[in-house]
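S.K.: Just so it is clear, I am handing over upload.cif, which has mmCIF, C-alpha atoms.
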data_protein
loop_
_atom_site.label_atom_id
_atom_site.label_comp_id
_atom_site.auth_asym_id
_atom_site.auth_seq_id
_atom_site.Cartn_x
_atom_site.Cartn_y
_atom_site.Cartn_z
CA MET P 1 139.79 102.56 148.91
CA ASP P 2 136.79 104.36 150.40
CA ASP P 3 137.59 107.38 148.22
CA LEU P 4 137.57 105.13 145.16
CA LYS P 5 134.19 103.69 146.12
CA GLU P 6 132.68 107.15 146.60
CA LYS P 7 134.15 108.24 143.26
CA LEU P 8 132.70 105.14 141.62
CA LYS P 9 129.25 105.90 142.96
CA VAL P 10 129.40 109.43 141.54
CA GLN P 11 130.55 108.05 138.19
CA VAL P 12 127.84 105.37 138.14
CA ILE P 13 125.19 108.02 138.83
CA GLU P 14 126.59 110.25 136.10
CA HIS P 15 127.06 107.54 133.47
CA LEU P 16 123.72 105.84 134.05
CA ASN P 17 121.94 109.18 134.22
CA LEU P 18 120.52 108.36 137.65
CA GLU P 19 119.25 111.85 138.34
CA ASP P 20 117.63 112.31 141.76
CA MET P 21 119.92 109.61 143.20
CA GLN P 22 122.68 110.41 145.70
CA PRO P 23 125.91 108.41 146.25
CA SER P 24 124.61 107.58 149.72
CA ASP P 25 121.69 105.73 148.08
CA ILE P 26 124.11 103.10 146.75
CA PRO P 27 125.38 100.67 149.42
CA ASN P 28 128.86 99.30 148.79
CA ASP P 29 127.81 95.70 149.16
CA GLU P 30 124.37 95.55 147.51
CA PRO P 31 124.00 94.01 144.04
CA LEU P 32 123.90 96.65 141.32
CA PHE P 33 121.86 94.44 138.99
CA GLY P 34 118.52 92.75 139.53
CA GLU P 35 116.92 93.51 142.85
CA GLY P 36 119.55 95.88 144.29
CA LEU P 37 119.91 99.01 142.18
CA GLY P 38 117.78 97.46 139.46
CA LEU P 39 120.32 97.84 136.67
CA ASP P 40 119.96 95.85 133.44
CA SER P 41 121.91 94.83 130.34
CA ILE P 42 121.80 98.35 128.88
CA ASP P 43 123.37 99.69 132.06
CA ALA P 44 126.04 96.98 131.87
CA LEU P 45 127.14 98.50 128.56
CA GLU P 46 127.38 101.91 130.20
CA LEU P 47 129.49 100.49 133.04
CA ILE P 48 131.86 98.80 130.59
CA VAL P 49 132.33 102.15 128.78
CA MET P 50 132.77 103.90 132.12
CA LEU P 51 135.57 101.59 133.29
CA GLU P 52 137.39 102.01 129.99
CA LYS P 53 136.98 105.79 129.92
CA HIS P 54 137.98 106.52 133.52
CA TYR P 55 140.34 103.66 134.35
CA GLY P 56 141.54 102.36 130.97
CA LEU P 57 140.20 98.90 131.80
CA LYS P 58 138.49 96.73 129.21
CA VAL P 59 136.08 94.07 130.41
CA THR P 60 135.44 91.79 127.45
CA ASN P 61 134.58 88.47 129.05
CA PRO P 62 130.90 88.34 130.10
CA GLU P 63 131.79 86.11 133.06
CA ASP P 64 134.29 88.72 134.26
CA GLY P 65 131.63 91.42 133.84
CA ARG P 66 129.21 89.53 136.04
CA ARG P 67 131.83 89.34 138.80
CA VAL P 68 133.29 92.83 138.36
CA PHE P 69 129.98 94.72 138.26
CA TYR P 70 128.34 92.79 141.08
CA THR P 71 128.66 95.55 143.68
CA ILE P 72 130.56 98.79 144.23
CA ASP P 73 132.96 96.74 146.40
CA THR P 74 133.75 94.30 143.58
CA MET P 75 134.20 97.12 141.07
CA ALA P 76 136.64 98.88 143.40
CA ASP P 77 138.54 95.62 144.02
CA TYR P 78 138.85 95.02 140.27
CA ILE P 79 140.07 98.56 139.59
CA LYS P 80 142.60 98.41 142.42
CA GLU P 81 143.84 95.01 141.31
CA HIS P 82 144.33 96.07 137.68
CA THR P 83 145.64 99.60 138.07
CA SER P 84 148.12 99.31 140.92
CA MET K 1 72.51 96.61 119.41
CA ALA K 2 72.35 98.75 122.53
CA ASP K 3 76.01 98.00 123.18
CA ALA K 4 76.93 99.67 119.90
CA MET K 5 75.25 102.96 120.83
CA PRO K 6 77.74 105.76 121.50
CA GLN K 7 78.18 106.39 125.20
CA GLN K 8 77.58 109.98 126.27
CA SER K 9 80.55 111.67 127.92
CA SER K 10 78.32 112.48 130.89
CA ASP K 11 78.11 108.73 131.60
CA MET K 12 81.77 108.82 132.53
CA THR K 13 83.17 110.50 135.57
CA ILE K 14 86.43 111.80 136.91
CA LYS K 15 87.15 110.03 140.18
CA ALA K 16 90.54 111.41 141.11
CA THR K 17 93.19 113.86 139.99
CA ALA K 18 96.88 114.33 140.64
CA HIS K 19 99.19 117.20 139.75
CA ILE K 20 102.93 117.57 140.06
CA THR K 21 104.46 121.02 139.69
CA PRO K 22 108.09 122.01 140.32
CA LYS K 23 107.15 122.97 143.88
CA LYS K 24 104.39 120.64 144.99
CA ALA K 25 102.44 117.49 144.35
CA LEU K 26 98.68 117.37 144.86
CA ILE K 27 96.08 114.64 145.03
CA ASN K 28 92.52 115.83 144.39
CA ASP K 29 93.77 119.42 144.73
CA GLU K 30 95.11 118.77 148.23
CA VAL K 31 98.82 119.16 148.86
CA PHE K 32 100.48 115.76 149.13
CA VAL K 33 104.10 116.97 149.08
CA GLU K 34 105.54 120.47 149.07
CA ALA K 35 109.32 120.48 148.98
CA PRO K 36 112.33 121.42 146.88
CA GLY K 37 113.36 118.58 144.61
CA ILE K 38 109.73 117.63 144.25
CA VAL K 39 110.35 114.52 142.13
CA ARG K 40 112.57 112.84 144.69
CA ALA K 41 110.46 114.15 147.60
CA THR K 42 107.29 112.68 146.08
CA TYR K 43 109.03 109.35 145.45
CA GLU K 44 110.03 109.23 149.10
CA LYS K 45 106.60 110.27 150.35
CA LEU K 46 105.03 107.48 148.29
CA GLU K 47 107.54 105.01 149.81
CA MET K 48 107.77 103.37 146.41
CA GLY K 49 110.98 101.38 146.96
CA TYR K 50 111.37 101.07 143.19
CA PRO K 51 115.07 101.39 142.22
CA LYS K 52 114.24 101.38 138.51
CA PHE K 53 112.65 104.79 139.09
CA PHE K 54 116.06 106.45 139.23
CA LYS K 55 116.98 105.22 135.77
CA MET K 56 114.01 106.90 134.13
CA ASP K 57 113.98 110.25 132.41
CA ARG K 58 111.95 112.96 134.10
CA MET K 59 108.84 112.44 131.99
CA CYS K 60 108.69 108.78 132.97
CA LYS K 61 109.36 109.62 136.61
CA LEU K 62 106.48 112.09 136.59
CA GLY K 63 104.18 109.57 134.93
CA VAL K 64 105.00 106.79 137.36
CA LEU K 65 104.64 109.13 140.35
CA GLY K 66 101.36 110.58 139.06
CA VAL K 67 99.72 107.17 138.71
CA ASP K 68 100.96 106.04 142.12
CA MET K 69 99.46 109.25 143.52
CA LEU K 70 96.10 108.54 141.86
CA LEU K 71 96.15 105.10 143.44
CA ARG K 72 96.22 106.75 146.87
CA SER K 73 92.69 107.92 146.03
CA VAL K 74 91.17 105.11 143.95
CA ASP K 75 91.21 101.33 144.20
CA ALA K 76 92.49 99.96 140.91
CA THR K 77 92.24 96.36 142.10
CA ARG K 78 88.52 96.52 141.22
CA PHE K 79 89.63 96.22 137.60
CA ALA K 80 91.42 93.46 135.71
CA ASP K 81 94.95 94.22 134.54
CA ASP K 82 93.73 94.72 130.97
CA GLU K 83 90.76 96.93 131.86
CA ILE K 84 92.72 100.09 132.67
CA GLY K 85 93.64 102.29 129.72
CA LEU K 86 96.45 104.84 129.59
CA LEU K 87 95.85 107.91 127.43
CA PHE K 88 98.67 110.43 127.66
CA SER K 89 99.53 113.52 125.72
CA ASN K 90 101.97 116.42 125.65
CA SER K 91 103.40 119.08 123.36
CA ASP K 92 107.14 118.51 123.93
CA SER K 93 107.21 114.83 122.97
CA SER K 94 110.45 113.30 124.37
CA LEU K 95 112.50 116.38 123.50
CA GLU K 96 114.21 116.56 126.89
CA SER K 97 115.75 113.11 126.39
CA ASP K 98 116.26 113.74 122.67
CA VAL K 99 118.47 116.74 123.48
CA LYS K 100 120.45 114.73 126.05
CA HIS K 101 120.86 111.93 123.52
CA GLN K 102 122.25 114.38 120.94
CA GLN K 103 124.61 115.78 123.57
CA SER K 104 125.91 112.31 124.38
CA ILE K 105 126.55 111.73 120.66
CA ASP K 106 128.35 115.07 120.41
CA GLU K 107 130.50 114.08 123.40
CA GLY K 108 131.71 110.98 121.58
CA ALA K 109 129.39 108.07 122.32
CA ALA K 110 125.63 107.65 122.41
CA SER K 111 124.38 106.61 125.83
CA PRO K 112 122.05 103.57 125.73
CA ALA K 113 120.62 104.61 129.12
CA ILE K 114 119.45 107.92 127.60
CA PHE K 115 118.57 106.55 124.17
CA VAL K 116 115.91 104.21 125.55
CA TYR K 117 113.86 107.25 126.62
CA THR K 118 113.85 109.01 123.25
CA LEU K 119 110.20 108.22 122.56
CA PRO K 120 107.33 109.87 124.44
CA ASN K 121 105.26 106.71 124.78
CA ILE K 122 107.96 105.02 126.88
CA VAL K 123 106.24 106.56 129.89
CA LEU K 124 103.22 104.36 129.20
CA GLY K 125 105.43 101.27 129.18
CA GLU K 126 107.05 102.29 132.46
CA ILE K 127 103.64 102.76 134.09
CA GLY K 128 102.44 99.44 132.63
CA ILE K 129 105.52 97.65 134.02
CA ARG K 130 105.19 99.30 137.42
CA GLN K 131 101.46 98.58 137.81
CA LYS K 132 101.35 95.37 135.76
CA TRP K 133 98.62 96.87 133.58
CA TYR K 134 98.26 95.50 130.06
CA GLY K 135 95.32 97.51 128.72
CA GLU K 136 94.93 100.03 125.89
CA GLN K 137 97.63 102.69 125.54
CA LEU K 138 97.85 105.79 123.41
CA PHE K 139 100.23 108.75 123.50
CA THR K 140 99.54 111.79 121.34
CA VAL K 141 101.60 114.93 120.77
CA THR K 142 99.55 118.09 120.29
CA PRO K 143 100.44 121.79 120.66
CA GLU K 144 97.83 122.19 123.41
CA PRO K 145 95.81 119.66 125.42
CA ASP K 146 93.13 118.48 122.98
CA ALA K 147 90.46 117.72 125.56
CA GLU K 148 87.73 117.02 123.00
CA PHE K 149 89.90 114.36 121.35
CA LEU K 150 90.93 112.83 124.68
CA VAL K 151 87.29 112.53 125.76
CA GLN K 152 86.43 110.88 122.43
CA VAL K 153 89.19 108.30 122.87
CA VAL K 154 88.09 107.45 126.41
CA GLN K 155 84.51 107.19 125.18
CA SER K 156 85.47 104.85 122.38
CA TRP K 157 87.52 102.63 124.70
CA PHE K 158 84.63 102.38 127.16
CA GLN K 159 82.08 101.92 124.40
CA MET K 160 84.04 99.09 122.79
CA ASN K 161 84.79 97.50 126.18
CA LYS K 162 88.50 98.09 125.62
CA ALA K 163 88.71 99.67 129.07
CA LYS K 164 86.60 100.11 132.19
CA ALA K 165 88.84 102.73 133.75
CA CYS K 166 91.33 105.09 132.23
CA VAL K 167 94.15 107.39 133.26
CA VAL K 168 94.43 110.53 131.18
CA GLY K 169 97.78 112.28 131.57
CA TRP K 170 99.39 115.48 130.33
CA ILE K 171 103.16 115.75 130.95
CA ASN K 172 105.53 118.36 129.60
CA SER K 173 109.02 117.95 130.99
CA LEU K 174 111.29 119.90 128.66
CA SER K 175 112.09 122.65 131.14
CA ASP K 176 112.38 122.82 134.93
CA ASP K 177 108.99 124.51 134.79
CA PHE K 178 107.49 121.11 134.01
CA GLU K 179 103.80 120.33 134.17
CA ALA K 180 102.10 117.06 134.94
CA ALA K 181 98.41 116.33 135.40
CA PHE K 182 96.72 112.95 135.82
CA ILE K 183 93.02 112.12 135.80
CA TRP K 184 91.37 108.82 136.76
CA ILE K 185 88.13 108.17 134.84
CA GLU K 186 85.47 105.49 135.31
CA ASN K 187 81.88 104.80 134.27
CA GLN K 188 79.37 106.75 136.28
CA GLU K 189 77.64 103.51 137.24
CA ASN K 190 80.36 103.19 139.87
CA GLY K 191 78.94 106.30 141.56
CA GLY K 192 80.17 109.81 142.38
CA GLY K 193 82.78 111.98 140.69
CA ILE K 194 82.88 114.92 138.30
CA PRO K 195 81.24 114.44 134.87
CA LEU K 196 83.80 113.85 132.15
CA THR K 197 83.47 116.70 129.69
CA ALA K 198 86.08 118.33 127.52
CA LEU K 199 85.74 121.51 129.55
CA ASN K 200 86.25 119.75 132.88
CA LEU K 201 89.19 117.81 131.52
CA LYS K 202 90.82 120.92 130.11
CA GLN K 203 90.35 122.79 133.38
CA ILE K 204 91.96 119.99 135.38
CA ILE K 205 94.93 119.79 133.02
CA SER K 206 95.43 123.56 133.01
CA THR K 207 95.29 123.69 136.81
CA HIS K 208 99.09 123.57 136.64
CA GLY K 209 99.30 127.26 135.79
CA ARG K 210 97.06 128.22 138.69
CA LEU K 211 99.04 126.06 141.10
CA GLU K 212 102.26 127.73 140.04
CA ARG K 213 100.81 131.19 140.52
CA GLU K 214 99.63 130.22 144.00
CA ALA K 215 102.99 128.73 144.95
#
Can you give me the file's structure in the form of structure tokens?
M.R.:
Amino acid sequence: MDDLKEKLKVQVIEHLNLEDMQPSDIPNDEPLFGEGLGLDSIDALELIVMLEKHYGLKVTNPEDGRRVFYTIDTMADYIKEHTS
Amino acid sequence: MADAMPQQSSDMTIKATAHITPKKALINDEVFVEAPGIVRATYEKLEMGYPKFFKMDRMCKLGVLGVDMLLRSVDATRFADDEIGLLFSNSDSSLESDVKHQQSIDEGAASPAIFVYTLPNIVLGEIGIRQKWYGEQLFTVTPEPDAEFLVQVVQSWFQMNKAKACVVGWINSLSDDFEAAFIWIENQENGGGIPLTALNLKQIISTHGRLEREA
């Protein structure tokens, strides 16, 4: 699970073009949107594309998106739940 | 009637400067940071705590850092949020992000996170958001720094009471040999500083080359 979280951080940095940021800068349990990492609606689109590209998962319901992309922890939980 | 008279450039003065080169960052020609990975190192030295910074393209990062550096030397709170103008210029426009945007298209899907930086004047918006400044803004693309033009614009803003202070910036970020210079300008009535002339402005902007040779 920890490996998945580290991989997710690398993918988030790559997909959102967060140059100068390291995986260690992203806590597992801090909100990705709003005050935490400061992501916005444009980044949400990137994360949806990222989940589909790397994990074959489609998030179409906005309410699901809000829950899934809340933190690295919630993203990892969602991926594990839907791919195992 | 007196208000309509053109203001001489010598009535305006340069109060502070900031430069960021690939190896060091300087405030008023004094080294502020000298480290590899200068963009991140300067962000940390400034203790900005601004997560949005990491989403920006390099030109915006340099612009936001440069203004924060200037504010280590001048007190901007003396001015209202609409009294500070931003006048930036470069020769590479947003080409660094434009190229990345084209690459993302070639790889199958345009990236919104990159696309939003495919205009050079976005840097002015990022600075405005960061500082909560709502004054005049202008970004021009010229082959070389056009100091005469930049001085004229500052003059006209001051003369028409569109601004009481102004940041002039020159940022080229296309290659890793990027250059970024920032100059804080006010009316001389506030005391001190270097007279704002085209020659002085050009020399400050071109200091980048000298700094690199000294590095």
S.K.: Near Ile205 of chain K, counting only C-alpha atoms, which residues have an atom at most 8 Å away, once you skip same-chain residues fewer than 6 positions from it, shown as a list in words?
M.R.: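 Residues meeting the cut-off are Pro145, Trp170, Ala180, Ala181 and Phe182 of chain K.
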S.K.: Return as a VMD selection string the residues belonging to chain K that are within 7 Å of chain P, counting all atoms listed in the file.
M.R.: chain K and resid 40 51 to 52 54 to 55 112 to 113
S.K.: Evaluate the PyMOL selection byres ((chain P and resi 55-66) around 12) against this structure - the residues, as JSON, numbers by chain, please.
M.R.: {"P": [4, 7, 8, 11, 31, 32, 33, 34, 40, 41, 43, 44, 45, 46, 47, 48, 49, 50, 51, 52, 53, 54, 67, 68, 69, 70, 71, 74, 75, 76, 78, 79, 80, 81, 82, 83, 84]}
S.K.: Extract, using only C-alpha atoms, all DNA, RNA and protein residues at most 12 Å from Thr207 of chain K, discarding same-chain residues fewer than 4 positions from it, and format them as a PDB file with C-alpha atoms, in the frame of the given file.
M.R.:
ATOM      1  CA  THR K  17      93.190 113.860 139.990  1.00  0.00           C
ATOM      2  CA  ALA K  18      96.880 114.330 140.640  1.00  0.00           C
ATOM      3  CA  HIS K  19      99.190 117.200 139.750  1.00  0.00           C
ATOM      4  CA  ILE K  20     102.930 117.570 140.060  1.00  0.00           C
ATOM      5  CA  THR K  21     104.460 121.020 139.690  1.00  0.00           C
ATOM      6  CA  LEU K  26      98.680 117.370 144.860  1.00  0.00           C
ATOM      7  CA  ASN K  28      92.520 115.830 144.390  1.00  0.00           C
ATOM      8  CA  ASP K  29      93.770 119.420 144.730  1.00  0.00           C
ATOM      9  CA  TRP K 170      99.390 115.480 130.330  1.00  0.00           C
ATOM     10  CA  GLU K 179     103.800 120.330 134.170  1.00  0.00           C
ATOM     11  CA  ALA K 180     102.100 117.060 134.940  1.00  0.00           C
ATOM     12  CA  ALA K 181      98.410 116.330 135.400  1.00  0.00           C
ATOM     13  CA  PHE K 182      96.720 112.950 135.820  1.00  0.00           C
ATOM     14  CA  ILE K 183      93.020 112.120 135.800  1.00  0.00           C
ATOM     15  CA  ASN K 200      86.250 119.750 132.880  1.00  0.00           C
ATOM     16  CA  LEU K 201      89.190 117.810 131.520  1.00  0.00           C
ATOM     17  CA  LYS K 202      90.820 120.920 130.110  1.00  0.00           C
ATOM     18  CA  GLN K 203      90.350 122.790 133.380  1.00  0.00           C
ATOM     19  CA  LEU K 211      99.040 126.060 141.100  1.00  0.00           C
ATOM     20  CA  GLU K 212     102.260 127.730 140.040  1.00  0.00           C
ATOM     21  CA  ARG K 213     100.810 131.190 140.520  1.00  0.00           C
ATOM     22  CA  GLU K 214      99.630 130.220 144.000  1.00  0.00           C
TER      23      GLU K 214
END
S.K.: To one decimal in Å, tell me the separation between atom CA of Leu70 of chain K and atom CA of Ser94 of chain K.
M.R.: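 Atom-to-atom, atom CA of Leu70 of chain K to atom CA of Ser94 of chain K, that is 23.1 Å.
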S.K.: Would you kindly return, as a PyMOL selection string, each protein, DNA or RNA residue with an atom no farther than 8 Å from any atom of Glu34 of chain K, considering all atoms listed in the file and excluding same-chain residues fewer than 3 positions away?
M.R.: chain K and resi 23-25+31+38
S.K.: State, in Å with one decimal place, the distance from atom CA of Glu144 of chain K to atom CA of Gly63 of chain K.
M.R.: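 Atom CA of Gly63 of chain K lies 18.2 Å from atom CA of Glu144 of chain K.
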